[in-house]
Number of protein chains: 2
Amino acid sequence: MSLLVVGSVALDSVETPFGKRENVLGGSATYFAAASSLLTRVSVVGVVGDDFPLDELEFLRKRGVVLDGLEKVAGKTFRWKGKYGFDLNAAQTLETQLNVFEHFQPKLDAAARRAERIFLGNIDPELQMRVLDQAERPRLVCADTMNYWISSKRAQLLKLLPRVDVLMVNDSEVRQLAGEPNVMKAARAAQRLGAKVVVVKRGEYGALLVEAESSFFSPAFPLADVVDPTGAGDTFAGGFLGLLDRLDATDGSALRQATVMGSTIASFTVEEFSLDRLRALDLSQIRRRFEAFRTLVHFDALPEHVA
Amino acid sequence: MSLLVVGSVALDSVETPFGKRENVLGGSATYFAAASSLLTRVSVVGVVGDDFPLDELEFLRKRGVVLDGLEKVAGKTFRWKGKYGFDLNAAQTLETQLNVFEHFQPKLDAAARRAERIFLGNIDPELQMRVLDQAERPRLVCADTMNYWISSKRAQLLKLLPRVDVLMVNDSEVRQLAGEPNVMKAARAAQRLGAKVVVVKRGEYGALLVEAESSFFSPAFPLADVVDPTGAGDTFAGGFLGLLDRLDATDGSALRQATVMGSTIASFTVEEFSLDRLRALDLSQIRRRFEAFRTLVHFDALPEHVA
């Protein structure tokens, strides 16, 4: 078992109808690691500036997260500032400062090169490709992307897709990638472009897993208190890959369980600001909510006389 | 077993990215009856004008739908004209002609008054109340409503809710009714207003059943070909109540099956324009797709070592 994430480690400033936080821990790799480390051993490759409070990551280190690949360089850390209205599905980006992330060149050390499973966070597809070029023989590659790369680095993304086992995107991204408004058709098109499996994240509406032969749907957990949706997608990915790594499996049953595990951990993430809920989370709480998902979707077969 | 629907019987003109139809069969009662009659015996109370092609309803009569309560009066039938873009979740209403529906006064004959289960389609809550005043002792009352009534006839709607067993509305309606953006909290608020059970229809994202003690989520079936979403909500209601009437049950297990049956029949509805897909539908196809829903949401429990 070994899992690697390459992505951003950031300082976020977030405002939602339920409060605001300034310069708190954020970034795709950070969220991913906080989620997946609840299930398996994960290494982080990323970059921060000399303004970054490294002791904020101490809780990750205590959970066994390997931070050897987190470079610290001169300059300011990647910063994102966003705002959510009552429709918590859509963030309004107020400011993005790439800072040291602008010249990020992911470097994998000997241990990271041997990772069995890799999550390519939402970064330039050229950099995602360079990560794969350094990896020895990953058994599973999962990649996120976004509208910006789909339009501005389409050729590079299309080159990457045949090397991707699981493409993990949201509704609008898969539609844009495929040029097709129907999500099922778009997912099939993404498969023809090379991704073996497509996971479509739909925020509060759940997630759809599209395999070659079958599809699976996991709802989002119906929460009464959603405080900050930031990081939901990356902790979904962390739960997904964390479980696959722990199970050491990629069959259909494991992929379905992984999708629900992603939804499970994401449902905790949004209950508090930043990574606060993830800090306090333990496996018994995760297991209970995973089981609650089973109850949430359970229904009995029709009786024979309805036929 | 006996089921009654009160609602509109209409002529719709619909345009979607996949084609257009003029003056085709529509209306909440029509869609509801076409769906529920696949499962049980249903009676329709409604009104049409003298321009209405009654022979268009012959396929419903053949399925045992009782049309004695469908009045034909002088004037033009209720007409709706709408358009959908590629986001098929939201219709743009181009024209609504109430015509004979404007002065509709639902009258229940002796048989209709004895109906065990009643669906109050989306009409003025005052009329919905008058239907209940005529009913002898329904065992289950399910009501739809819309933003227009929630704002313009709020007092009447609030009077109705304590007489409603299942309130069946969409996301924005339950939010508006409760004045609460979180759907779970809004559903709980609707329960405090009197509705015993709340079903939140979420279009292509599925449906949420909120009971007193537990919740259930059914996805929408992931379709590659959605042609016309008109009537999805009313056929969801038809499948839901049709199954409850056929099972003669309202326990938690039956409500969950009914929610999936609603999603099942709605998923057929949207595959063709107007009621075209429902005409050709039979129980074996329904049963197969209901079973496909079980596969769609099935996942295995976590192994013991993940604990």
# chains A, B, ... in the order shown; residues from 1 in each chain; ligands from 1
>>> interface_residues(of="chain A", to="chain B", cutoff="8 Å", atoms="only C-alpha atoms", output="count of residues only")
36
>>> select_by_dssp(residues="stretch 71-186 of chain A", states="strand (DSSP E)", output="list in words")
Glu71, Lys72, Arg79, Trp80, Lys81, Gly82, Lys83, Tyr84, Ala91, Gln92, Thr93, Leu94, Glu95, Thr96, Gln97, Arg117, Ile118, Phe119, Leu120, Leu140, Val141, Cys142, Ala143, Val166, Leu167, Met168, Val169 and Asn170 of chain A
>>> residues_around(residues="A:Ala90", least_positions_apart="2", cutoff="12 Å", atoms="only C-alpha atoms", output="PyMOL selection string")
chain A and resi 16+82-88+92-93+170+172+202-204+228-230+232
>>> closest_residue(among="B:Ala249, B:Met1, B:Leu177, B:Val141", to="B:Val197", atoms="only C-alpha atoms")
B:Val141
>>> residues_around(residues="A:Lys196", least_positions_apart="4", cutoff="7 Å", atoms="only C-alpha atoms", output="PyMOL selection string")
chain A and resi 164-166+191
>>> write_last_selection(atoms="N, CA and C atoms", output="mmCIF file, in the first residue's frame")
data_model
loop_
_atom_site.group_PDB
_atom_site.id
_atom_site.type_symbol
_atom_site.label_atom_id
_atom_site.label_comp_id
_atom_site.auth_asym_id
_atom_site.auth_seq_id
_atom_site.Cartn_x
_atom_site.Cartn_y
_atom_site.Cartn_z
ATOM 1 N N VAL A 164 -4.606 7.655 -17.634
ATOM 2 C CA VAL A 164 -5.421 7.862 -16.441
ATOM 3 C C VAL A 164 -6.411 6.701 -16.265
ATOM 4 N N ASP A 165 -6.383 6.097 -15.079
ATOM 5 C CA ASP A 165 -7.351 5.035 -14.796
ATOM 6 C C ASP A 165 -8.692 5.613 -14.365
ATOM 7 N N VAL A 166 -8.633 6.635 -13.505
ATOM 8 C CA VAL A 166 -9.871 7.251 -13.017
ATOM 9 C C VAL A 166 -9.801 8.761 -13.233
ATOM 10 N N GLN A 191 -14.267 8.276 -21.690
ATOM 11 C CA GLN A 191 -13.676 6.935 -21.732
ATOM 12 C C GLN A 191 -13.061 6.657 -23.101
#
>>> closest_residue(among="B:Pro125, B:Gly239, B:Gly233, B:Gly26", to="B:Ala155", atoms="only C-alpha atoms")
B:Pro125
>>> select_by_dssp(residues="stretch 117-230 of chain A", states="helix (DSSP H, G or I)", output="MDAnalysis selection string")
chainID A and resid 125:134 147:152 154:163 171:178 183:192 203:205
>>> closest_residue(among="B:Leu160, B:Met146, B:Val5, B:Leu193", to="B:Ser37", atoms="only C-alpha atoms")
B:Val5
>>> atom_distance(atom1="atom CA of B:Ser8", atom2="atom CA of B:Lys107")
13.6 Å
>>> residues_around(residues="A:Leu57", least_positions_apart="4", cutoff="10 Å", atoms="only C-alpha atoms", output="list of chain:residue names")
A:Leu25, A:Thr30, A:Ala34, A:Phe52, A:Pro53, A:Arg61, A:Lys62, A:Val65, A:Leu67
>>> closest_residue(among="B:Arg137, B:Val198, B:Asp276, B:Leu94", to="B:Glu213", atoms="only C-alpha atoms")
B:Val198
>>> closest_residue(among="A:Val100, A:Ala91, A:Gly121, A:Ser274", to="A:Glu22", atoms="only C-alpha atoms")
A:Ser274
>>> closest_residue(among="A:Arg163, A:His103, A:Ser43, A:Gly64", to="A:Asp133", atoms="only C-alpha atoms")
A:Arg163
>>> decode(residues="stretch 4-20 of chain A", atoms="all heavy atoms", output="compact mmCIF listing (two decimals), in the first residue's frame")
# COMPACT_ATOMS: atom_id res chain seq x y z
N LEU A 4 0.28 8.42 -3.36
CA LEU A 4 0.97 9.70 -3.56
C LEU A 4 -0.01 10.73 -4.08
O LEU A 4 -0.82 10.42 -4.95
CB LEU A 4 2.09 9.49 -4.61
CG LEU A 4 2.85 10.73 -5.06
CD1 LEU A 4 3.75 11.26 -3.94
CD2 LEU A 4 3.69 10.40 -6.32
N VAL A 5 0.08 11.93 -3.53
CA VAL A 5 -0.72 13.03 -4.09
C VAL A 5 0.20 14.16 -4.51
O VAL A 5 1.16 14.50 -3.81
CB VAL A 5 -1.78 13.54 -3.07
CG1 VAL A 5 -1.15 13.95 -1.74
CG2 VAL A 5 -2.57 14.72 -3.66
N VAL A 6 -0.11 14.71 -5.68
CA VAL A 6 0.61 15.89 -6.16
C VAL A 6 -0.43 16.99 -6.37
O VAL A 6 -1.40 16.78 -7.10
CB VAL A 6 1.34 15.60 -7.49
CG1 VAL A 6 2.11 16.83 -7.95
CG2 VAL A 6 2.27 14.40 -7.34
N GLY A 7 -0.23 18.09 -5.71
CA GLY A 7 -1.22 19.16 -5.85
C GLY A 7 -0.85 20.36 -5.02
O GLY A 7 0.29 20.48 -4.56
N SER A 8 -1.81 21.23 -4.80
CA SER A 8 -1.53 22.49 -4.11
C SER A 8 -1.62 22.34 -2.60
O SER A 8 -2.39 21.54 -2.07
CB SER A 8 -2.51 23.57 -4.58
OG SER A 8 -3.84 23.17 -4.30
N VAL A 9 -0.75 23.08 -1.93
CA VAL A 9 -0.85 23.28 -0.49
C VAL A 9 -1.01 24.80 -0.36
O VAL A 9 -0.16 25.55 -0.84
CB VAL A 9 0.40 22.78 0.24
CG1 VAL A 9 0.33 23.08 1.73
CG2 VAL A 9 0.56 21.27 0.00
N ALA A 10 -2.13 25.23 0.21
CA ALA A 10 -2.49 26.63 0.06
C ALA A 10 -2.94 27.26 1.36
O ALA A 10 -3.18 26.58 2.37
CB ALA A 10 -3.61 26.75 -0.97
N LEU A 11 -3.04 28.57 1.29
CA LEU A 11 -3.69 29.32 2.37
C LEU A 11 -4.95 29.94 1.78
O LEU A 11 -4.89 30.69 0.80
CB LEU A 11 -2.74 30.40 2.90
CG LEU A 11 -1.50 29.82 3.63
CD1 LEU A 11 -0.51 30.92 3.98
CD2 LEU A 11 -1.91 29.04 4.88
N ASP A 12 -6.08 29.57 2.35
CA ASP A 12 -7.38 29.99 1.81
C ASP A 12 -8.02 31.07 2.68
O ASP A 12 -7.89 31.03 3.91
CB ASP A 12 -8.36 28.81 1.77
CG ASP A 12 -8.03 27.78 0.70
OD1 ASP A 12 -7.17 28.06 -0.16
OD2 ASP A 12 -8.64 26.69 0.73
N SER A 13 -8.73 31.97 2.02
CA SER A 13 -9.62 32.87 2.76
C SER A 13 -11.02 32.65 2.21
O SER A 13 -11.25 32.80 1.01
CB SER A 13 -9.18 34.32 2.57
OG SER A 13 -7.92 34.52 3.18
N VAL A 14 -11.90 32.26 3.07
CA VAL A 14 -13.21 31.77 2.64
C VAL A 14 -14.32 32.47 3.41
O VAL A 14 -14.23 32.65 4.62
CB VAL A 14 -13.32 30.25 2.91
CG1 VAL A 14 -14.69 29.73 2.50
CG2 VAL A 14 -12.22 29.50 2.19
N GLU A 15 -15.35 32.86 2.67
CA GLU A 15 -16.54 33.40 3.33
C GLU A 15 -17.75 32.61 2.87
O GLU A 15 -17.94 32.37 1.68
CB GLU A 15 -16.70 34.88 2.97
CG GLU A 15 -17.83 35.53 3.76
CD GLU A 15 -17.96 37.03 3.48
OE1 GLU A 15 -17.03 37.63 2.91
OE2 GLU A 15 -19.02 37.57 3.84
N THR A 16 -18.57 32.18 3.82
CA THR A 16 -19.82 31.50 3.50
C THR A 16 -20.91 32.19 4.33
O THR A 16 -20.59 33.02 5.20
CB THR A 16 -19.78 29.99 3.84
OG1 THR A 16 -20.07 29.81 5.24
CG2 THR A 16 -18.44 29.36 3.50
N PRO A 17 -22.19 31.85 4.10
CA PRO A 17 -23.23 32.50 4.92
C PRO A 17 -23.06 32.17 6.41
O PRO A 17 -23.73 32.77 7.24
CB PRO A 17 -24.52 31.88 4.38
CG PRO A 17 -24.20 31.45 2.99
CD PRO A 17 -22.76 31.02 3.03
N PHE A 18 -22.17 31.25 6.73
CA PHE A 18 -22.05 30.80 8.12
C PHE A 18 -20.79 31.31 8.82
O PHE A 18 -20.49 30.90 9.94
CB PHE A 18 -22.16 29.28 8.17
CG PHE A 18 -23.36 28.80 7.41
CD1 PHE A 18 -23.23 28.26 6.13
CD2 PHE A 18 -24.63 28.97 7.93
CE1 PHE A 18 -24.36 27.88 5.40
CE2 PHE A 18 -25.75 28.60 7.20
CZ PHE A 18 -25.61 28.05 5.93
N GLY A 19 -20.03 32.16 8.13
CA GLY A 19 -18.85 32.72 8.77
C GLY A 19 -17.73 32.95 7.77
O GLY A 19 -17.92 32.76 6.56
N LYS A 20 -16.60 33.40 8.29
CA LYS A 20 -15.45 33.56 7.39
C LYS A 20 -14.15 33.21 8.09
O LYS A 20 -14.05 33.28 9.33
CB LYS A 20 -15.43 34.96 6.78
CG LYS A 20 -15.14 36.11 7.73
CD LYS A 20 -15.42 37.45 7.07
CE LYS A 20 -14.30 37.90 6.13
NZ LYS A 20 -14.54 39.26 5.62
